[in-house]
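Trainee: Below you'll find query-v9.csv; it's CSV, C-alpha atoms.
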```
chain,number,residue,atom,x,y,z
A,384,MET,CA,0.0,0.0,0.0
A,385,LYS,CA,1.1,3.6,-0.6
A,386,ILE,CA,0.2,6.7,1.4
A,387,ASP,CA,1.2,10.1,0.0
A,388,PHE,CA,3.6,8.3,-2.4
A,389,ILE,CA,5.3,6.4,0.4
A,390,ASP,CA,5.5,2.6,0.0
A,391,VAL,CA,4.3,1.6,3.5
A,392,ASP,CA,4.6,-2.2,2.8
A,393,SER,CA,8.2,-1.9,1.8
A,394,ALA,CA,9.1,0.2,4.8
A,395,ILE,CA,7.4,-2.3,7.2
A,396,SER,CA,9.1,-5.2,5.5
A,397,HIS,CA,12.5,-3.5,5.7
A,398,ALA,CA,12.0,-2.8,9.4
A,399,LYS,CA,11.2,-6.5,10.0
A,400,GLN,CA,14.3,-7.6,8.2
A,401,LEU,CA,16.5,-5.3,10.3
A,402,LEU,CA,14.9,-6.8,13.5
A,403,GLU,CA,15.8,-10.3,12.3
A,404,THR,CA,19.4,-9.4,11.5
A,405,GLU,CA,20.0,-7.3,14.6
A,406,ARG,CA,22.1,-9.2,17.2
A,407,ASP,CA,22.6,-6.7,20.0
A,408,ILE,CA,19.0,-5.9,20.6
A,409,SER,CA,17.4,-7.3,23.8
A,410,PRO,CA,14.5,-9.8,23.4
A,411,ALA,CA,12.1,-7.5,25.3
A,412,LEU,CA,12.8,-4.6,23.0
A,413,LYS,CA,12.6,-6.8,19.9
A,414,SER,CA,9.2,-8.2,21.0
A,415,ALA,CA,7.9,-4.7,21.7
A,416,LEU,CA,9.0,-3.4,18.3
A,417,GLU,CA,7.3,-6.4,16.6
A,418,VAL,CA,4.0,-5.6,18.4
A,419,ILE,CA,4.3,-2.0,17.3
A,420,LEU,CA,4.8,-3.0,13.6
A,421,LEU,CA,1.9,-5.4,13.9
A,422,LEU,CA,-0.4,-2.7,15.2
A,423,VAL,CA,0.8,-0.3,12.5
A,424,THR,CA,-0.1,-2.9,9.9
A,425,VAL,CA,-3.5,-3.5,11.3
A,426,LEU,CA,-4.4,0.2,11.6
A,427,LEU,CA,-3.2,1.0,8.1
A,428,ASN,CA,-5.3,-1.9,6.7
A,429,ARG,CA,-8.4,-0.5,8.4
A,430,VAL,CA,-7.7,3.1,7.2
A,431,THR,CA,-7.2,2.0,3.6
A,432,LEU,CA,-10.3,-0.1,3.4
A,433,ASN,CA,-12.7,1.0,0.7
A,434,SER,CA,-15.7,-0.3,-1.3
A,435,LYS,CA,-13.4,-2.0,-3.8
A,436,ASN,CA,-11.2,-4.1,-1.5
A,437,SER,CA,-13.8,-4.8,1.2
A,438,SER,CA,-17.6,-5.2,1.8
A,439,LYS,CA,-18.0,-1.6,2.7
A,440,PRO,CA,-20.8,0.1,0.7
A,441,PRO,CA,-19.7,2.9,-1.6
A,442,ALA,CA,-21.7,5.5,0.4
A,443,SER,CA,-19.6,4.8,3.5
A,444,ASP,CA,-16.3,4.8,1.6
A,445,PRO,CA,-14.3,7.9,2.8
A,446,ASN,CA,-11.9,7.5,-0.1
A,447,ARG,CA,-14.5,7.5,-2.8
A,448,LYS,CA,-14.3,10.1,-5.5
A,449,LYS,CA,-16.7,13.0,-4.9
A,450,GLY,CA,-19.0,14.1,-7.6
A,451,ASN,CA,-19.1,17.6,-9.0
A,452,ARG,CA,-22.8,17.9,-8.3
A,453,LYS,CA,-23.7,21.1,-6.5
A,454,LYS,CA,-26.4,21.4,-3.8
A,455,SER,CA,-29.7,22.3,-5.3
A,456,ASP,CA,-31.6,25.4,-4.2
A,457,LYS,CA,-34.9,23.5,-4.6
A,458,PRO,CA,-36.8,22.5,-1.5
A,459,SER,CA,-37.0,18.8,-0.7
A,460,GLY,CA,-40.2,16.9,-1.7
A,461,GLY,CA,-42.4,17.2,-4.8
A,462,GLN,CA,-41.7,20.1,-7.0
A,463,LYS,CA,-44.3,22.4,-8.6
A,464,SER,CA,-44.0,20.8,-12.0
A,465,HIS,CA,-44.3,17.3,-10.4
A,466,VAL,CA,-47.7,15.6,-11.1
A,467,GLY,CA,-48.6,14.0,-7.7
A,468,THR,CA,-51.1,11.3,-6.9
A,469,THR,CA,-54.0,12.1,-4.6
A,470,LEU,CA,-56.4,9.5,-3.2
A,471,GLN,CA,-59.8,10.0,-4.6
A,472,LYS,CA,-63.2,8.9,-3.2
A,473,ILE,CA,-65.0,6.1,-5.0
A,474,ASP,CA,-68.7,5.4,-5.6
A,475,ASP,CA,-68.9,1.8,-4.5
A,476,SER,CA,-67.6,1.5,-0.9
A,477,ASP,CA,-67.2,-1.9,0.5
A,478,GLU,CA,-68.7,-1.0,3.9
A,479,ILE,CA,-70.8,2.0,5.0
A,480,GLU,CA,-71.0,3.1,8.6
A,481,ILE,CA,-73.8,5.5,9.5
A,482,ILE,CA,-73.0,8.1,12.1
A,483,THR,CA,-76.1,9.6,13.7
A,484,ILE,CA,-76.4,12.8,15.6
A,485,ASP,CA,-77.2,12.6,19.3
A,486,ARG,CA,-80.2,14.9,19.3
A,487,ARG,CA,-79.8,15.5,23.0
A,488,THR,CA,-76.8,17.7,22.2
A,489,LEU,CA,-78.8,19.9,19.8
A,490,PRO,CA,-80.8,23.0,20.7
A,491,LYS,CA,-84.5,22.4,21.1
A,492,GLY,CA,-86.5,22.5,17.9
A,493,ARG,CA,-87.8,20.4,15.0
A,494,TYR,CA,-85.2,19.0,12.5
A,495,THR,CA,-85.5,17.6,9.0
A,496,ALA,CA,-83.1,15.0,7.6
A,497,ASP,CA,-80.8,16.5,4.9
A,498,GLY,CA,-78.6,13.7,3.7
A,499,PHE,CA,-75.1,12.9,4.8
A,500,GLU,CA,-71.6,14.3,4.7
A,501,THR,CA,-69.2,11.6,3.6
A,502,ARG,CA,-65.6,10.7,4.2
A,503,GLN,CA,-63.8,7.5,3.1
A,504,VAL,CA,-60.9,5.6,4.7
A,505,PHE,CA,-58.9,3.3,2.5
A,506,ASP,CA,-57.4,0.3,4.2
A,507,ILE,CA,-56.5,-3.3,3.6
A,508,ASP,CA,-57.7,-6.5,5.3
A,509,ILE,CA,-55.1,-9.2,5.3
A,510,SER,CA,-57.0,-12.3,6.1
A,511,ARG,CA,-57.4,-15.9,5.2
A,512,VAL,CA,-60.5,-17.0,3.1
A,513,VAL,CA,-61.4,-20.7,3.3
A,514,THR,CA,-64.1,-22.0,1.0
A,515,GLU,CA,-65.5,-25.4,1.9
A,516,TYR,CA,-67.2,-27.3,-0.9
A,517,GLN,CA,-69.9,-29.7,0.3
A,518,ALA,CA,-70.9,-32.2,-2.3
A,519,GLN,CA,-74.3,-33.7,-1.7
A,520,ARG,CA,-74.6,-37.4,-1.2
A,521,LEU,CA,-77.7,-39.4,-2.2
A,522,ILE,CA,-78.4,-43.1,-1.5
A,523,ASN,CA,-81.1,-45.0,-3.3
A,524,GLY,CA,-83.2,-47.9,-2.2
A,525,LYS,CA,-80.5,-50.4,-3.4
A,526,GLY,CA,-77.9,-48.8,-1.2
A,527,GLN,CA,-76.1,-47.1,-4.1
A,528,CYS,CA,-74.4,-43.8,-3.2
A,529,PHE,CA,-74.2,-40.8,-5.6
A,530,ILE,CA,-72.0,-37.8,-4.8
A,531,ALA,CA,-72.2,-34.4,-6.6
A,532,PRO,CA,-69.0,-33.7,-8.6
A,533,PHE,CA,-66.5,-31.3,-7.1
A,534,PRO,CA,-65.0,-28.5,-9.3
A,535,ASP,CA,-62.2,-29.9,-11.5
A,536,GLU,CA,-59.6,-27.9,-9.7
A,537,VAL,CA,-60.7,-29.1,-6.2
A,538,THR,CA,-58.9,-32.4,-6.0
A,539,LYS,CA,-57.8,-32.7,-2.3
A,540,ALA,CA,-59.4,-32.6,1.1
A,541,ALA,CA,-57.4,-29.4,1.8
A,542,GLN,CA,-55.4,-27.4,-0.8
A,543,TYR,CA,-54.2,-24.0,-1.7
A,544,GLY,CA,-56.3,-21.8,-4.0
A,545,ASN,CA,-55.1,-20.0,-7.2
A,546,GLY,CA,-55.0,-16.7,-5.3
A,547,ILE,CA,-52.5,-18.0,-2.9
A,548,LYS,CA,-50.4,-19.6,-5.7
A,549,ALA,CA,-50.4,-16.3,-7.7
A,550,HIS,CA,-49.4,-14.3,-4.6
A,551,VAL,CA,-46.5,-16.6,-3.8
A,552,VAL,CA,-45.2,-16.4,-7.3
A,553,TYR,CA,-45.5,-12.6,-7.2
A,554,LEU,CA,-43.5,-12.4,-3.9
A,555,SER,CA,-40.9,-14.9,-5.1
A,556,GLN,CA,-40.3,-13.9,-8.7
A,557,TYR,CA,-41.2,-10.1,-8.8
A,558,GLN,CA,-40.4,-9.0,-5.2
A,559,LEU,CA,-37.5,-11.5,-5.1
A,560,LEU,CA,-38.2,-12.6,-1.5
A,561,PRO,CA,-36.4,-15.6,-0.2
A,562,TYR,CA,-38.5,-18.7,0.5
A,563,ASN,CA,-38.2,-18.4,4.3
A,564,ARG,CA,-39.3,-14.8,4.2
A,565,ILE,CA,-42.4,-15.8,2.2
A,566,GLN,CA,-43.1,-18.6,4.8
A,567,GLU,CA,-42.8,-16.1,7.6
A,568,TYR,CA,-45.2,-13.7,5.9
A,569,PHE,CA,-47.9,-16.3,5.4
A,570,ALA,CA,-47.5,-17.6,8.9
A,571,ASP,CA,-47.5,-14.2,10.6
A,572,GLN,CA,-50.0,-12.3,8.5
A,573,LEU,CA,-52.4,-15.0,7.4
A,574,GLY,CA,-51.9,-17.8,10.0
A,575,MET,CA,-51.3,-20.2,7.2
A,576,PRO,CA,-48.3,-22.6,7.0
A,577,ILE,CA,-46.7,-23.1,3.6
A,578,SER,CA,-43.6,-25.3,2.9
A,579,GLU,CA,-40.6,-24.5,0.7
A,580,GLY,CA,-41.7,-27.4,-1.5
A,581,SER,CA,-45.1,-25.8,-2.2
A,582,ILE,CA,-43.4,-22.4,-3.0
A,583,TYR,CA,-41.1,-24.2,-5.5
A,584,ASN,CA,-44.1,-26.1,-7.0
A,585,PHE,CA,-46.1,-22.9,-7.5
A,586,ASN,CA,-43.1,-21.3,-9.3
A,587,GLU,CA,-42.8,-24.4,-11.4
A,588,LEU,CA,-46.5,-24.3,-12.3
A,589,ALA,CA,-46.3,-20.6,-13.3
A,590,TYR,CA,-43.2,-21.4,-15.4
A,591,GLU,CA,-45.1,-24.1,-17.3
A,592,LYS,CA,-48.3,-22.0,-17.7
A,593,LEU,CA,-46.4,-19.1,-19.1
A,594,ALA,CA,-44.6,-21.1,-21.8
A,595,GLY,CA,-47.3,-20.2,-24.4
A,596,PHE,CA,-47.1,-16.5,-23.5
A,597,GLU,CA,-43.3,-16.6,-23.8
A,598,THR,CA,-43.6,-18.0,-27.4
A,599,ILE,CA,-46.0,-15.3,-28.4
A,600,SER,CA,-43.8,-12.6,-26.8
A,601,LYS,CA,-40.7,-13.8,-28.6
A,602,GLU,CA,-42.5,-13.7,-31.9
A,603,HIS,CA,-43.5,-10.1,-31.3
A,604,LEU,CA,-40.0,-9.1,-30.2
A,605,VAL,CA,-38.4,-10.6,-33.3
A,606,GLU,CA,-40.7,-8.4,-35.4
A,607,SER,CA,-40.1,-5.3,-33.2
A,608,ALA,CA,-37.7,-2.6,-34.2
A,609,CYS,CA,-36.5,-2.4,-30.5
A,610,ILE,CA,-35.9,-5.6,-28.5
A,611,HIS,CA,-35.9,-3.7,-25.1
A,612,ALA,CA,-32.7,-5.3,-23.7
A,613,ASP,CA,-31.8,-4.7,-20.0
A,614,GLU,CA,-28.6,-3.6,-18.4
A,615,THR,CA,-27.1,-3.6,-14.9
A,616,GLY,CA,-23.8,-2.3,-13.5
A,617,ILE,CA,-21.2,-4.7,-12.2
A,618,ASN,CA,-17.7,-4.3,-10.8
A,619,ILE,CA,-14.8,-6.2,-12.4
A,620,ASN,CA,-11.3,-5.6,-11.0
A,621,GLY,CA,-12.3,-2.2,-9.8
A,622,LYS,CA,-13.8,-1.0,-13.1
A,623,ARG,CA,-17.4,-0.4,-13.9
A,624,HIS,CA,-18.9,-2.6,-16.5
A,625,TRP,CA,-22.4,-2.9,-17.8
A,626,LEU,CA,-24.1,-6.3,-18.3
A,627,HIS,CA,-26.5,-6.2,-21.2
A,628,GLY,CA,-29.1,-9.0,-21.2
A,629,PRO,CA,-32.3,-9.9,-23.1
A,630,PRO,CA,-35.7,-9.8,-21.5
A,631,MET,CA,-36.6,-12.9,-19.5
A,632,PHE,CA,-40.0,-14.5,-19.5
A,633,SER,CA,-40.9,-17.0,-16.8
A,634,GLY,CA,-37.3,-18.3,-16.7
A,635,HIS,CA,-37.3,-19.4,-20.4
A,636,THR,CA,-34.9,-17.8,-22.8
A,637,SER,CA,-33.4,-18.8,-26.2
A,638,PHE,CA,-31.7,-15.4,-26.9
A,639,PRO,CA,-27.9,-15.2,-27.1
A,640,MET,CA,-25.9,-15.0,-23.9
A,641,PRO,CA,-25.6,-11.5,-22.4
A,642,ASN,CA,-22.5,-9.5,-23.1
A,643,VAL,CA,-20.4,-7.3,-20.8
A,644,ALA,CA,-19.4,-3.8,-22.1
A,645,GLN,CA,-17.2,-1.4,-20.3
A,646,ARG,CA,-18.4,2.1,-19.8
A,647,GLN,CA,-16.3,4.9,-18.4
```
Kindly transcribe the structure held in the file into structure tokens.

Mentor:
Amino acid sequence: MKIDFIDVDSAISHAKQLLETERDISPALKSALEVILLLVTVLLNRVTLNSKNSSKPPASDPNRKKGNRKKSDKPSGGQKSHVGTTLQKIDDSDEIEIITIDRRTLPKGRYTADGFETRQVFDIDISRVVTEYQAQRLINGKGQCFIAPFPDEVTKAAQYGNGIKAHVVYLSQYQLLPYNRIQEYFADQLGMPISEGSIYNFNELAYEKLAGFETISKEHLVESACIHADETGININGKRHWLHGPPMFSGHTSFPMPNVAQRQ
């Protein structure tokens, strides 16, 4: 390592060699000097750590190159030209709660109803919905039993519905949550156990179901003037490179392998 054009590694190595060849130095002094050299080496290694030679994030790297961007005079938050999103009332509320006036708090007199003032609160209800299918059984005089047919997709005594399967695939493939995080979510929020094998099977099912969509999408991409490739930055030997890859559909791809291009 070099600090202010001084080769620190060479200096420490030279000092160690002198200690090894020195005959007149006492063992206690030699030991103390070796400890000092060790401490100097450790402290210098810590000082010179950066985002390239360690796991330190670039934002915490004191040796990173500072940009030339100047502090903006604009206030934080949305700017005047920014188009914001405001929650709007809807016409078909899921629940309506009537709030009546306690007439005992009103001045004496006769009153006529004049409608309502309305306000709406948007919220979510994370809950489990279990549908039980009860197939009717009939027995004739001969002792024969007849059972109404269950829906084609209902094949087990207890199973997951399509809504659960789609939600699992969304969390796994789009939000990129690990399997154990998905398991915790379903256990904590929905009170529903789900195994890693089930999560894998749901992803596999989506993979198979999307095969037809993939074929159609590739046909349209081939005919398109722009193939909409993706790119992501990667670090190779301290230099910034850009990995260019084709769009991915449900894990299938037959496009050429991505290429790495260096960008200054």

Trainee: When you look at Pro532 in chain A with a cut-off of 8 Å (counting all atoms listed in the file), what residues show up, excluding the ones that are within fewer than 2 positions of it in the same chain? I need them as a VMD selection string.

Mentor: chain A and resid 518 530 534

Trainee: Quick one, how far is CA of Phe585 in chain A from CA of Ile507 in chain A?

Mentor: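 Spanning CA of Phe585 in chain A to CA of Ile507 in chain A is a straight-line distance of 24.8 Å.
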
Trainee: Here's a test: counting all atoms listed in the file, identify every protein, DNA and RNA residue with an atom at most 6 Å from (-48.2, -17.4, -11.6) in the file's coordinate frame, and state them as a tab-separated table (two decimals) with C-alpha atoms, keeping the file's coordinate frame.

Mentor:
```tsv
chain	number	residue	atom	x	y	z
A	549	ALA	CA	-50.40	-16.30	-7.70
A	552	VAL	CA	-45.20	-16.40	-7.30
A	589	ALA	CA	-46.30	-20.60	-13.30
```

Trainee: Please determine, counting all atoms listed in the file, which residue among A:Lys413, A:Thr483, A:Thr424, A:Asp474 has the shortest atom-to-atom distance to Ile395 in chain A.

Mentor: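 Of all the options, A:Thr424 lies closest to Ile395 in chain A.
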
Trainee: Could you tell me how far CA of Leu412 in chain A sits from CA of Leu426 in chain A, in Å to one decimal place?

Mentor: 21.2 Å

Trainee: Taking into account all atoms listed in the file, which residue in the set A:Thr615, A:Thr468, A:Ser607, A:Ser581 is nearest to His627 in chain A?

Mentor: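 Comparing A:Thr615, A:Thr468, A:Ser607, A:Ser581 against His627 in chain A, the winner is A:Thr615.
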
Trainee: Between A:Ala531, A:Ile479, A:Leu470, A:Leu593, which has the minimum distance to Phe505 in chain A (counting only C-alpha atoms)?

Mentor: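 For Phe505 in chain A, the nearest of the candidates is A:Leu470.
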
Trainee: Restricting the calculation to only C-alpha atoms: of A:Glu405, A:Lys399, A:Asn620, A:Gly492, which residue gets closest to Ile419 in chain A?

Mentor: A:Lys399

Trainee: With all atoms listed in the file as the counted atoms, please give the residues lying no more than 12 Å from Ile509 in chain A, apart from itself and same-chain residues fewer than 5 positions off, as number ranges by chain.

Mentor: A: 568-575

Trainee: Selected residues, C-alpha atoms, written as an mmCIF file, in the coordinates of the input, please.

Mentor:
```
data_model
loop_
_atom_site.group_PDB
_atom_site.id
_atom_site.type_symbol
_atom_site.label_atom_id
_atom_site.label_comp_id
_atom_site.auth_asym_id
_atom_site.auth_seq_id
_atom_site.Cartn_x
_atom_site.Cartn_y
_atom_site.Cartn_z
ATOM 1 C CA TYR A 568 -45.200 -13.700 5.900
ATOM 2 C CA PHE A 569 -47.900 -16.300 5.400
ATOM 3 C CA ALA A 570 -47.500 -17.600 8.900
ATOM 4 C CA ASP A 571 -47.500 -14.200 10.600
ATOM 5 C CA GLN A 572 -50.000 -12.300 8.500
ATOM 6 C CA LEU A 573 -52.400 -15.000 7.400
ATOM 7 C CA GLY A 574 -51.900 -17.800 10.000
ATOM 8 C CA MET A 575 -51.300 -20.200 7.200
#
```

Trainee: Enter the distance from CA of Gln503 in chain A to CA of Gln471 in chain A, in Å, rounded to one decimal.

Mentor: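 For CA of Gln503 in chain A relative to CA of Gln471 in chain A, the distance reads 9.0 Å.
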
Trainee: I'd like to know which of A:Tyr553, A:Tyr543, A:Trp625, A:Tyr562 is closest to Val513 in chain A, using all atoms listed in the file.

Mentor: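 Closest to Val513 in chain A, using all atoms listed in the file: A:Tyr543.
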